[in-house]
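Text of final.cif, listed as mmCIF, C-alpha atoms:
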```cif
data_target
#
loop_
_atom_site.label_atom_id
_atom_site.label_comp_id
_atom_site.auth_asym_id
_atom_site.auth_seq_id
_atom_site.Cartn_x
_atom_site.Cartn_y
_atom_site.Cartn_z
CA ASP U 177 116.78 106.63 115.04
CA ILE U 178 119.45 108.73 113.28
CA VAL U 179 120.22 109.24 109.59
CA ILE U 180 123.84 109.47 108.42
CA LEU U 181 123.78 111.27 105.07
CA VAL U 182 126.98 110.54 103.13
CA VAL U 183 128.03 113.16 100.58
CA ALA U 184 131.17 112.97 98.42
CA ALA U 185 133.46 115.96 98.97
CA ASP U 186 134.60 115.92 95.34
CA ASP U 187 131.24 115.45 93.59
CA GLY U 188 129.14 117.54 95.96
CA VAL U 189 125.37 117.37 96.15
CA LYS U 190 123.94 115.38 93.24
CA PRO U 191 120.30 114.54 92.35
CA GLN U 192 120.59 111.22 94.19
CA THR U 193 121.90 113.12 97.23
CA LEU U 194 118.80 115.33 97.23
CA GLU U 195 116.61 112.25 96.90
CA ALA U 196 118.31 110.69 99.91
CA LEU U 197 118.03 114.00 101.78
CA ASN U 198 114.29 114.19 101.13
CA HIS U 199 113.87 110.61 102.34
CA ALA U 200 115.79 111.53 105.49
CA LYS U 201 113.65 114.63 106.09
CA ALA U 202 110.47 112.61 105.57
CA SER U 203 111.58 110.16 108.24
CA GLY U 204 111.53 112.98 110.79
CA VAL U 205 114.72 111.90 112.58
CA PRO U 206 117.97 113.82 113.15
CA ILE U 207 120.46 113.95 110.28
CA VAL U 208 124.24 113.73 110.68
CA VAL U 209 126.18 114.57 107.51
CA ALA U 210 129.33 112.62 106.67
CA VAL U 211 131.37 114.51 104.05
CA ASN U 212 133.35 111.64 102.52
CA LYS U 213 136.46 111.44 100.28
CA ILE U 214 138.24 114.38 101.89
CA ASP U 215 141.53 112.58 101.15
CA LYS U 216 141.13 113.42 97.45
CA PRO U 217 142.97 116.48 96.09
CA GLU U 218 139.80 117.77 94.43
CA ALA U 219 137.77 117.56 97.66
CA ARG U 220 135.82 120.72 98.48
CA PRO U 221 133.99 120.13 101.78
CA ASP U 222 133.02 123.81 102.16
CA ARG U 223 131.22 123.68 98.82
CA VAL U 224 129.29 120.63 100.08
CA ARG U 225 128.31 122.55 103.22
CA GLN U 226 127.10 125.48 101.13
CA GLN U 227 125.04 123.19 98.89
CA LEU U 228 123.48 121.46 101.91
CA SER U 229 122.72 124.86 103.46
CA ASP U 230 120.85 125.79 100.29
CA HIS U 231 118.62 122.77 100.95
CA GLY U 232 117.97 123.48 104.61
CA LEU U 233 120.83 121.61 106.30
CA VAL U 234 122.95 124.39 107.80
CA PRO U 235 126.09 123.08 109.60
CA GLU U 236 126.59 123.89 113.27
CA GLU U 237 129.81 125.76 112.54
CA TRP U 238 127.81 128.04 110.25
CA GLY U 239 125.21 128.76 112.92
CA GLY U 240 122.81 125.94 112.04
CA ASP U 241 121.85 122.77 113.88
CA THR U 242 123.18 120.10 111.49
CA ILE U 243 126.26 118.13 112.51
CA ALA U 244 128.67 117.70 109.58
CA VAL U 245 131.89 115.66 109.88
CA ASP U 246 134.67 115.36 107.29
CA ILE U 247 135.69 111.73 106.80
CA SER U 248 137.64 109.41 104.54
CA ALA U 249 136.44 105.87 104.19
CA VAL U 250 139.81 104.99 102.63
CA THR U 251 142.17 106.37 105.30
CA GLY U 252 139.78 106.23 108.25
CA GLN U 253 140.19 109.94 108.95
CA GLY U 254 137.25 111.41 110.89
CA ILE U 255 135.47 108.07 111.44
CA ASP U 256 135.98 108.17 115.22
CA GLN U 257 134.68 111.75 115.33
CA LEU U 258 131.64 110.73 113.25
CA LEU U 259 130.81 107.87 115.64
CA GLU U 260 131.30 110.21 118.59
CA MET U 261 128.84 112.70 117.06
CA VAL U 262 126.31 109.92 116.50
CA LEU U 263 126.61 108.91 120.16
CA ILE U 264 126.16 112.52 121.26
CA VAL U 265 122.97 112.81 119.21
CA ALA U 266 121.77 109.49 120.65
CA ASP U 267 122.41 110.79 124.18
CA LEU U 268 120.48 113.99 123.46
CA LEU U 269 117.56 111.92 122.15
CA GLU U 270 117.81 109.67 125.22
CA LEU U 271 117.68 106.59 123.02
CA LYS U 272 117.43 103.68 125.42
CA ALA U 273 116.28 100.08 125.28
CA ASP U 274 115.71 97.44 127.97
CA PRO U 275 117.42 94.12 127.15
CA THR U 276 115.36 92.28 129.79
CA VAL U 277 111.85 92.85 128.39
CA SER U 278 110.10 90.74 125.78
CA PRO U 279 111.88 91.17 122.41
CA GLU U 280 110.41 93.49 119.80
CA GLY U 281 111.72 94.94 116.57
CA THR U 282 111.29 95.46 112.85
CA VAL U 283 111.71 93.25 109.79
CA ILE U 284 114.23 95.09 107.60
CA GLU U 285 114.37 92.65 104.68
CA ALA U 286 113.11 89.16 103.88
CA ARG U 287 113.68 86.58 101.15
CA LEU U 288 113.17 82.93 100.27
CA ASP U 289 116.51 81.10 100.21
CA LYS U 290 116.60 77.78 98.33
CA GLY U 291 118.74 76.09 100.99
CA LYS U 292 117.61 77.91 104.16
CA GLY U 293 113.94 78.58 103.43
CA PRO U 294 112.40 81.90 104.56
CA VAL U 295 115.10 84.23 105.88
CA ALA U 296 114.34 87.58 107.55
CA THR U 297 116.80 90.31 108.51
CA VAL U 298 115.43 91.87 111.68
CA LEU U 299 116.49 94.75 113.89
CA VAL U 300 116.02 94.10 117.61
CA GLN U 301 114.77 97.31 119.24
CA GLN U 302 113.73 96.07 122.69
CA GLY U 303 114.60 92.99 124.74
CA THR U 304 116.90 90.15 123.74
CA LEU U 305 116.00 87.79 120.90
CA ARG U 306 117.16 84.20 121.49
CA LYS U 307 117.49 81.03 119.48
CA GLY U 308 114.37 78.93 120.06
CA ASP U 309 112.03 81.91 120.56
CA ILE U 310 108.69 81.79 118.76
CA VAL U 311 108.60 84.97 116.71
CA GLN U 312 105.55 86.44 114.95
CA THR U 313 104.77 89.31 112.59
CA ASP U 314 101.52 90.38 110.97
CA SER U 315 101.92 87.82 108.19
CA ALA U 316 104.34 85.11 109.38
CA TRP U 317 105.54 83.19 112.42
CA GLY U 318 108.13 80.59 113.29
CA ARG U 319 110.48 79.14 115.89
CA ILE U 320 114.00 80.55 115.49
CA ARG U 321 116.33 77.79 114.29
CA ALA U 322 119.37 79.99 113.85
CA MET U 323 120.51 83.62 114.00
CA ILE U 324 123.40 85.00 111.92
CA ASP U 325 125.08 88.32 112.70
CA ASP U 326 126.58 90.84 110.23
CA ALA U 327 129.92 88.99 110.27
CA GLY U 328 128.28 85.73 109.21
CA ASN U 329 128.60 84.10 112.64
CA GLN U 330 125.83 82.09 114.23
CA ILE U 331 124.77 83.58 117.58
CA ASP U 332 122.38 82.46 120.30
CA ALA U 333 121.19 85.89 121.50
CA ALA U 334 120.74 89.36 119.96
CA GLY U 335 120.16 92.41 122.15
CA PRO U 336 118.82 95.89 121.31
CA SER U 337 120.26 97.62 118.21
CA THR U 338 121.42 94.28 116.80
CA ALA U 339 120.58 93.34 113.21
CA VAL U 340 120.48 89.59 112.56
CA GLU U 341 119.29 87.13 109.95
CA VAL U 342 116.61 84.88 111.42
CA LEU U 343 115.92 81.38 110.10
CA GLY U 344 112.81 79.45 111.01
CA PHE U 345 109.85 81.45 109.69
CA SER U 346 107.01 79.42 108.23
CA SER U 347 106.68 81.91 105.35
CA VAL U 348 108.43 85.06 104.19
CA PRO U 349 107.38 88.08 106.33
CA GLN U 350 106.91 91.52 104.81
CA PRO U 351 109.66 94.18 105.20
CA GLY U 352 108.54 96.88 107.61
CA GLU U 353 106.44 94.57 109.76
CA LEU U 354 107.00 94.61 113.50
CA PHE U 355 107.87 91.37 115.24
CA SER U 356 107.20 90.15 118.76
CA ILE U 357 107.38 86.91 120.73
CA ALA U 358 104.44 84.52 121.04
CA PRO U 359 103.89 82.33 124.11
CA SER U 360 103.38 79.20 122.00
CA GLU U 361 103.26 77.96 118.43
CA LYS U 362 99.50 77.45 118.77
CA GLU U 363 98.92 81.06 119.80
CA ALA U 364 101.22 82.39 117.07
CA ARG U 365 99.43 80.31 114.44
CA GLN U 366 96.02 81.47 115.73
CA ALA U 367 97.08 85.13 115.76
CA ILE U 368 98.23 84.93 112.13
CA SER U 369 95.00 83.17 111.17
CA ASP U 370 92.87 85.82 112.89
CA ARG U 371 94.72 88.66 111.19
CA GLU U 372 94.45 86.95 107.80
CA ALA U 373 90.69 86.52 108.29
CA ALA U 374 90.38 90.19 109.28
CA ARG U 375 92.27 91.25 106.16
CA LYS U 376 90.01 89.13 103.94
CA GLU U 377 86.92 90.55 105.62
CA ALA U 378 88.17 94.09 105.16
CA GLY U 379 88.86 93.40 101.50
CA ALA U 380 91.98 92.98 99.45
CA THR U 381 92.29 96.61 98.34
CA PRO U 382 95.18 98.53 99.91
CA SER U 383 94.52 101.40 102.29
CA ARG U 384 95.19 104.43 100.16
CA LYS U 385 97.63 106.94 101.57
CA ILE U 386 96.13 110.15 100.21
CA THR U 387 94.45 111.48 97.11
CA LEU U 388 93.68 114.96 95.89
CA GLU U 389 89.98 114.22 96.35
CA GLU U 390 90.46 113.13 100.00
CA MET U 391 92.29 116.22 101.23
CA TYR U 392 89.14 117.84 102.66
CA ASP U 393 88.26 114.70 104.62
CA ARG U 394 91.77 114.56 106.08
CA MET U 395 91.49 118.16 107.23
CA GLN U 396 88.10 117.44 108.84
CA MET U 397 89.78 114.64 110.83
CA GLY U 398 92.11 117.20 112.38
CA GLU U 399 95.14 116.59 110.22
CA THR U 400 97.31 119.52 109.19
CA PRO U 401 95.97 121.07 105.97
CA VAL U 402 99.16 120.76 103.94
CA LEU U 403 99.26 119.01 100.57
CA SER U 404 102.54 117.07 100.28
CA ILE U 405 103.75 116.50 96.72
CA VAL U 406 106.48 114.49 95.03
CA LEU U 407 106.92 116.32 91.72
CA LYS U 408 108.62 114.70 88.70
CA CYS U 409 108.97 116.50 85.35
CA ASP U 410 110.50 115.97 81.95
CA VAL U 411 112.93 118.92 82.12
CA GLN U 412 114.28 121.25 84.80
CA GLY U 413 112.45 124.22 83.31
CA SER U 414 109.08 122.52 83.73
CA LEU U 415 109.98 121.55 87.30
CA GLU U 416 110.83 125.12 88.32
CA ALA U 417 107.81 126.58 86.50
CA LEU U 418 105.39 124.16 88.14
CA LYS U 419 106.86 124.69 91.60
CA ALA U 420 106.56 128.46 91.24
CA SER U 421 102.99 128.27 89.89
CA LEU U 422 101.78 125.92 92.61
CA LYS U 423 103.39 127.96 95.39
CA LYS U 424 101.42 131.01 94.24
CA ILE U 425 98.07 129.39 95.06
CA GLU U 426 98.79 128.38 98.65
CA THR U 427 97.57 130.57 101.53
CA ASP U 428 98.24 131.03 105.24
CA GLU U 429 95.54 128.44 105.98
CA VAL U 430 96.41 125.73 103.47
CA GLY U 431 99.81 125.07 101.99
CA ILE U 432 101.90 122.97 99.66
CA GLN U 433 104.99 121.06 100.69
CA PHE U 434 107.31 119.70 98.02
CA VAL U 435 108.70 116.54 99.58
CA HIS U 436 110.86 115.94 96.53
CA GLY U 437 111.24 117.34 93.04
CA GLY U 438 113.25 115.89 90.21
CA VAL U 439 113.64 115.27 86.49
CA GLY U 440 112.99 111.91 84.84
CA ARG U 441 110.66 108.96 85.15
CA ILE U 442 108.76 108.18 88.36
CA SER U 443 110.82 105.55 90.18
CA GLU U 444 110.31 103.08 93.02
CA SER U 445 112.18 105.48 95.29
CA ASP U 446 109.68 108.26 94.50
CA VAL U 447 106.81 105.97 95.48
CA THR U 448 108.38 104.82 98.75
CA LEU U 449 109.13 108.44 99.64
CA ALA U 450 105.54 109.46 98.87
CA SER U 451 104.28 106.56 100.97
CA ALA U 452 106.48 107.48 103.94
CA SER U 453 105.51 111.15 103.83
CA ASN U 454 101.79 110.74 102.95
CA ALA U 455 102.27 112.57 99.67
CA ILE U 456 100.80 112.32 96.20
CA ILE U 457 102.99 112.02 93.11
CA ILE U 458 102.49 114.48 90.26
CA GLY U 459 104.18 113.58 86.99
CA PHE U 460 104.45 116.14 84.19
CA ASN U 461 105.29 114.67 80.78
CA VAL U 462 106.82 111.62 82.52
CA ARG U 463 105.59 108.11 83.26
CA PRO U 464 106.13 105.68 86.14
CA ASP U 465 108.19 102.59 85.47
CA PRO U 466 106.36 99.25 85.90
CA ASN U 467 107.84 98.53 89.33
CA ALA U 468 106.92 102.00 90.57
CA ARG U 469 103.35 101.57 89.37
CA ARG U 470 103.09 98.17 91.07
CA ILE U 471 104.45 99.48 94.38
CA ALA U 472 102.11 102.50 94.19
CA GLU U 473 99.15 100.14 93.85
CA ASP U 474 100.37 98.02 96.77
CA GLU U 475 101.07 101.05 98.99
CA GLY U 476 97.98 102.99 97.98
CA VAL U 477 99.98 105.97 96.67
CA GLN U 478 98.21 108.14 94.11
CA ILE U 479 100.10 109.02 90.91
CA ARG U 480 98.61 111.87 88.84
CA LEU U 481 99.98 112.29 85.31
CA TYR U 482 99.64 115.50 83.28
CA ARG U 483 100.74 117.01 79.97
CA ILE U 484 99.38 120.55 80.48
CA ILE U 485 100.56 122.80 83.31
CA TYR U 486 97.14 124.47 83.55
CA ASP U 487 95.53 121.11 84.40
CA VAL U 488 97.99 120.54 87.26
CA ILE U 489 97.28 123.97 88.73
CA GLU U 490 93.50 123.54 88.41
CA ASP U 491 93.49 120.15 90.17
CA VAL U 492 95.75 121.29 93.01
CA HIS U 493 93.77 124.52 93.35
CA ALA U 494 90.57 122.49 93.75
CA ALA U 495 92.25 120.27 96.35
CA LEU U 496 93.42 123.27 98.38
CA GLU U 497 89.93 124.76 98.31
CA GLY U 498 88.63 121.52 99.75
CA MET U 499 91.18 121.84 102.56
CA LEU U 500 89.94 125.30 103.63
CA ALA U 501 87.95 125.24 106.85
CA PRO U 502 84.34 125.90 105.80
CA THR U 503 82.45 129.02 106.86
CA ILE U 504 79.69 128.27 109.39
CA ARG U 505 76.57 130.29 108.67
CA GLU U 506 73.40 130.43 110.73
CA HIS U 507 70.12 129.89 108.87
CA VAL U 508 66.93 130.86 110.72
CA LEU U 509 64.14 128.37 109.99
CA GLY U 510 61.20 130.01 111.73
CA GLN U 511 59.68 131.57 114.84
CA ALA U 512 56.85 130.71 117.18
CA GLU U 513 55.19 132.53 120.07
CA ILE U 514 54.50 130.82 123.40
CA ARG U 515 50.78 131.48 124.06
CA ALA U 516 50.07 128.97 126.84
CA ILE U 517 51.92 126.80 129.34
CA PHE U 518 50.80 123.33 130.38
CA LYS U 519 52.09 121.04 133.11
CA VAL U 520 52.29 117.41 132.08
CA PRO U 521 52.97 114.62 134.63
CA ARG U 522 56.55 113.27 134.33
CA ALA U 523 57.25 115.69 131.45
CA GLY U 524 57.20 118.99 133.32
CA LYS U 525 56.23 122.20 131.54
CA VAL U 526 55.13 122.19 127.90
CA ALA U 527 54.89 125.35 125.82
CA GLY U 528 51.75 125.80 123.74
CA CYS U 529 52.96 127.70 120.70
CA TYR U 530 51.73 129.32 117.50
CA VAL U 531 54.18 129.30 114.58
CA THR U 532 54.28 132.85 113.25
CA GLU U 533 56.74 132.43 110.38
CA GLY U 534 58.79 129.79 108.62
CA VAL U 535 58.92 126.30 110.06
CA ILE U 536 59.90 124.69 113.37
CA LYS U 537 61.78 121.38 112.94
CA ARG U 538 62.19 118.82 115.69
CA GLY U 539 65.91 118.30 115.06
CA ALA U 540 66.76 121.99 114.80
CA LYS U 541 68.50 124.13 117.39
CA VAL U 542 66.27 126.65 119.15
CA ARG U 543 66.70 129.79 121.21
CA LEU U 544 64.29 131.44 123.62
CA ILE U 545 63.89 135.21 123.33
CA ARG U 546 62.26 137.53 125.86
CA ASP U 547 61.87 141.23 125.13
CA GLY U 548 64.35 140.91 122.26
CA VAL U 549 67.04 139.29 124.41
CA VAL U 550 68.17 135.68 123.97
CA PHE U 551 68.19 133.96 127.35
CA TRP U 552 68.65 130.30 126.37
CA GLU U 553 69.83 128.12 123.46
CA GLY U 554 69.51 124.38 123.12
CA GLY U 555 67.39 121.71 121.50
CA LEU U 556 63.82 120.46 121.48
CA SER U 557 63.06 117.35 123.51
CA ALA U 558 59.57 117.09 121.96
CA LEU U 559 57.49 118.66 119.18
CA ARG U 560 53.79 117.72 118.97
CA ARG U 561 50.66 118.52 116.98
CA PHE U 562 47.81 117.72 119.32
CA LYS U 563 48.80 114.30 120.73
CA ASP U 564 51.00 113.19 117.82
CA ASP U 565 54.75 113.66 117.43
CA ALA U 566 55.58 116.03 114.60
CA ARG U 567 58.73 116.25 112.50
CA GLU U 568 58.01 119.89 111.66
CA VAL U 569 55.27 122.49 112.04
CA SER U 570 54.76 125.28 109.52
CA ALA U 571 53.58 128.88 109.94
CA GLY U 572 49.90 129.27 110.82
CA TYR U 573 49.71 126.11 112.93
CA GLU U 574 49.70 125.47 116.66
CA CYS U 575 51.99 122.99 118.38
CA GLY U 576 53.39 121.90 121.72
CA MET U 577 57.10 122.09 122.55
CA SER U 578 59.29 121.00 125.41
CA PHE U 579 62.93 122.03 125.65
CA SER U 580 65.96 120.00 126.64
CA ASN U 581 66.81 120.76 130.29
CA GLN U 582 64.91 124.04 130.25
CA GLN U 583 61.74 124.83 132.21
CA ASP U 584 62.19 128.59 132.61
CA PHE U 585 59.88 130.08 129.97
CA GLN U 586 56.64 132.04 130.03
CA GLU U 587 53.81 133.25 127.84
CA GLY U 588 54.95 135.83 125.33
CA ASP U 589 58.44 134.36 124.90
CA ILE U 590 59.56 133.79 121.31
CA VAL U 591 60.97 130.45 120.10
CA GLU U 592 63.37 130.82 117.20
CA ALA U 593 64.49 127.69 115.33
CA PHE U 594 67.75 127.73 113.40
CA GLU U 595 70.39 125.49 111.87
CA LEU U 596 74.11 125.87 111.21
CA VAL U 597 75.11 125.49 107.57
CA GLU U 598 78.63 124.83 106.32
CA GLU U 599 79.56 126.84 103.26
CA ARG U 600 82.54 125.89 101.14
CA ARG U 601 85.10 128.64 100.77
CA THR U 602 87.10 129.43 97.68
CA LEU U 603 90.65 130.65 97.17
CA GLU U 604 91.19 134.06 95.69
CA ARG U 605 92.98 133.89 92.38
#
```

As structure tokens - that is how I would like this structure written.
Amino acid sequence: DIVILVVAADDGVKPQTLEALNHAKASGVPIVVAVNKIDKPEARPDRVRQQLSDHGLVPEEWGGDTIAVDISAVTGQGIDQLLEMVLIVADLLELKADPTVSPEGTVIEARLDKGKGPVATVLVQQGTLRKGDIVQTDSAWGRIRAMIDDAGNQIDAAGPSTAVEVLGFSSVPQPGELFSIAPSEKEARQAISDREAARKEAGATPSRKITLEEMYDRMQMGETPVLSIVLKCDVQGSLEALKASLKKIETDEVGIQFVHGGVGRISESDVTLASASNAIIIGFNVRPDPNARRIAEDEGVQIRLYRIIYDVIEDVHAALEGMLAPTIREHVLGQAEIRAIFKVPRAGKVAGCYVTEGVIKRGAKVRLIRDGVVFWEGGLSALRRFKDDAREVSAGYECGMSFSNQQDFQEGDIVEAFELVEERRTLER
């Protein structure tokens, strides 16, 4: 619900701070900054505020909208004020939960303990979780044998905003899965079985987050045409050069968002950030570590590796071009003149036509023109040559046409067939 970003007042903003900041921004929730270690003589909290401002987190006292509180974890100074600020933000967000409804929440972490069996740390977000409840996730279920709070005490009930260790799962659930309560063990077991069968039917490959090649399809589905990138380079100079070069090729219609940029190998944290923010990872003269590569495969995150800056720019340029909304152009197929009108039982009026130029296609759009003025546009409900249905009729041939929901036509009217063609646009270099 709320991110507390802890920054050391003596060290200031470090690369790991920026990484945490980008994770926080990607989560889309409010950020409260805790400037820690202000008890140290070398503490410079104003420098921290300036550094955070440079990265988009401007403190309220400087005219921004980010709450920043000076604290000391050693002396306890400012802790009460920090908690008060968190509660104020929670009130503004109207964060509420009903302890009386059926329990729901999220699996935060899970492991297999030799003595306890599968153990899951869960966060209760709605309702009250109780010992003996039958809990289920997408991949696991079980009857709760015991719940342990953060102090190591066994408890019988856990309300909203409570994190507890749950014992009793039949297998280890996956972190990030949502949990709920099942009416019975039979129904929980059946639900897991059905989901497992659905997964097998859908195939074992992960659902890919995003790729450069898929950007156009995402835009067609109505998603914002912005290419999100996690950029990792070998040296700071390469990082700055690539950022500047890529920013030059974005336009008002399609853009580039750098979710995170850094120097060094591609890490697990880079992959999880890319997954959370639907971004691709571009690595320049760096490689992913084995764990990062494995997680990327599991999460469906694309990692693109390059050694030449020109290749990066070309690939991203092509992706942005695919994200441009295409130009819709009208292509006239042909024209026909209505030379006779027939009345057919149950079909209404049929236009006897002579195709004067081009071709008339049954699936094309048509417009009716009288004295040079268009008075109707729509589609053909029928196109015939003599008594047979026709897919198309070329110039020099006669045919019969009837129009969808249109009976108002007369001899001498012109039928013009046309189609709308999408043309791919290109970015100006």

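With CA of Val542 in chain U on one side and CA of Leu559 in chain U on the other, the separation reads 11.9 Å.
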
Find the residues near range 454-467 of chain U: any atom within 6 Å, counting only C-alpha atoms, skip ones fewer than 6 places away on the same chain, and give them as an MDAnalysis selection string. chainID U and resid 385 404:410 441:442 478:483

Export of the given selection (C-alpha atoms) as an mmCIF file, in the frame of the given file:
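Everything below was put into selection_35.cif:
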```cif
data_model
loop_
_atom_site.group_PDB
_atom_site.id
_atom_site.type_symbol
_atom_site.label_atom_id
_atom_site.label_comp_id
_atom_site.auth_asym_id
_atom_site.auth_seq_id
_atom_site.Cartn_x
_atom_site.Cartn_y
_atom_site.Cartn_z
ATOM 1 C CA LYS U 385 97.630 106.940 101.570
ATOM 2 C CA SER U 404 102.540 117.070 100.280
ATOM 3 C CA ILE U 405 103.750 116.500 96.720
ATOM 4 C CA VAL U 406 106.480 114.490 95.030
ATOM 5 C CA LEU U 407 106.920 116.320 91.720
ATOM 6 C CA LYS U 408 108.620 114.700 88.700
ATOM 7 C CA CYS U 409 108.970 116.500 85.350
ATOM 8 C CA ASP U 410 110.500 115.970 81.950
ATOM 9 C CA ARG U 441 110.660 108.960 85.150
ATOM 10 C CA ILE U 442 108.760 108.180 88.360
ATOM 11 C CA GLN U 478 98.210 108.140 94.110
ATOM 12 C CA ILE U 479 100.100 109.020 90.910
ATOM 13 C CA ARG U 480 98.610 111.870 88.840
ATOM 14 C CA LEU U 481 99.980 112.290 85.310
ATOM 15 C CA TYR U 482 99.640 115.500 83.280
ATOM 16 C CA ARG U 483 100.740 117.010 79.970
#
```

Taking the file above as input, evaluate the PyMOL selection byres ((chain U and resi 310-319) around 8) and report the hits as a PyMOL selection string. chain U and resi 308-309+320-321+344-350+353-361+364-365+368+371-372

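Evaluating the PyMOL selection byres ((chain U and resi 242) around 10) against the shown model yields Pro206, Ile207, Val208, Val209, Leu228, Ser229, Gly232, Leu233, Val234, Pro235, Glu236, Glu237, Trp238, Gly239, Gly240, Asp241, Ile243, Ala244 and Val245 of chain U.
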
Any idea what the distance is between CA of Leu449 in chain U and CA of Thr282 in chain U? 18.6 Å

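Considering the residues U:His199, U:Ser278, U:Ala494, U:Ile180 and counting only C-alpha atoms, Leu259 in chain U has its shortest atom-to-atom contact with U:Ile180.
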
Of the candidates U:Ala558, U:Val402, U:Ala472, U:Ala452, which one gets nearest to Lys201 in chain U if we count all atoms listed in the file? U:Ala452

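Residue nearest Glu270 in chain U, chosen from U:Asp177, U:Asp565, U:Glu218, U:Asp326 and counting all atoms listed in the file: U:Asp177.
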
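Atom pair CA of Leu258 in chain U / CA of Leu181 in chain U has a distance of 11.4 Å (rounded to one decimal).
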
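The closest residue to Val205 in chain U, picked from U:Ala266, U:Ile504, U:Ala420, U:Ala327 and counting all atoms listed in the file, is U:Ala266.
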
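Evaluated against the shown file, the PyMOL selection byres ((chain U and resi 575) around 7) gives Gly528, Cys529, Tyr530, Arg560, Arg561, Phe562, Tyr573, Glu574, Gly576 and Met577 of chain U.
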
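The shell of residues at most 7 Å from Thr338 in chain U, with only C-alpha atoms counted and near chain neighbours (fewer than 2 positions) removed, consists of Leu299, Val300, Ala334, Gly335, Pro336 and Val340 of chain U.
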
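Those residues that approach Val526 in chain U to within 7 Å, counting only C-alpha atoms, are Ile517, Phe518, Lys519, Val520, Gly576, Met577 and Ser578 of chain U; same-chain residues fewer than 4 positions away are not listed.
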
Mind rebuilding range 211-226 of chain U with N, CA and C atoms and writing that out as a tab-separated table (two decimals), in the coordinates of the input?
```
chain	number	residue	atom	x	y	z
U	211	VAL	N	130.78	114.03	105.30
U	211	VAL	CA	131.37	114.51	104.05
U	211	VAL	C	132.57	113.61	103.74
U	212	ASN	N	132.38	112.70	102.80
U	212	ASN	CA	133.35	111.64	102.52
U	212	ASN	C	134.35	112.06	101.43
U	213	LYS	N	135.41	111.28	101.31
U	213	LYS	CA	136.46	111.44	100.28
U	213	LYS	C	137.26	112.73	100.45
U	214	ILE	N	137.47	113.15	101.71
U	214	ILE	CA	138.24	114.38	101.89
U	214	ILE	C	139.74	114.15	101.65
U	215	ASP	N	140.13	112.87	101.46
U	215	ASP	CA	141.53	112.58	101.15
U	215	ASP	C	141.88	112.91	99.70
U	216	LYS	N	140.88	113.15	98.86
U	216	LYS	CA	141.13	113.42	97.45
U	216	LYS	C	141.58	114.87	97.26
U	217	PRO	N	142.49	115.10	96.34
U	217	PRO	CA	142.97	116.48	96.09
U	217	PRO	C	141.86	117.43	95.66
U	218	GLU	N	140.87	116.90	94.94
U	218	GLU	CA	139.80	117.77	94.43
U	218	GLU	C	138.65	117.93	95.42
U	219	ALA	N	138.82	117.45	96.64
U	219	ALA	CA	137.77	117.56	97.66
U	219	ALA	C	137.49	119.01	98.03
U	220	ARG	N	136.22	119.36	98.09
U	220	ARG	CA	135.82	120.72	98.48
U	220	ARG	C	134.70	120.64	99.51
U	221	PRO	N	135.02	120.31	100.75
U	221	PRO	CA	133.99	120.13	101.78
U	221	PRO	C	133.17	121.39	102.05
U	222	ASP	N	133.79	122.58	101.92
U	222	ASP	CA	133.02	123.81	102.16
U	222	ASP	C	131.94	124.01	101.11
U	223	ARG	N	132.24	123.60	99.87
U	223	ARG	CA	131.22	123.68	98.82
U	223	ARG	C	130.04	122.77	99.16
U	224	VAL	N	130.35	121.57	99.68
U	224	VAL	CA	129.29	120.63	100.08
U	224	VAL	C	128.43	121.27	101.17
U	225	ARG	N	129.07	121.91	102.15
U	225	ARG	CA	128.31	122.55	103.22
U	225	ARG	C	127.41	123.66	102.69
U	226	GLN	N	127.91	124.41	101.72
U	226	GLN	CA	127.10	125.48	101.13
U	226	GLN	C	125.90	124.89	100.38
```
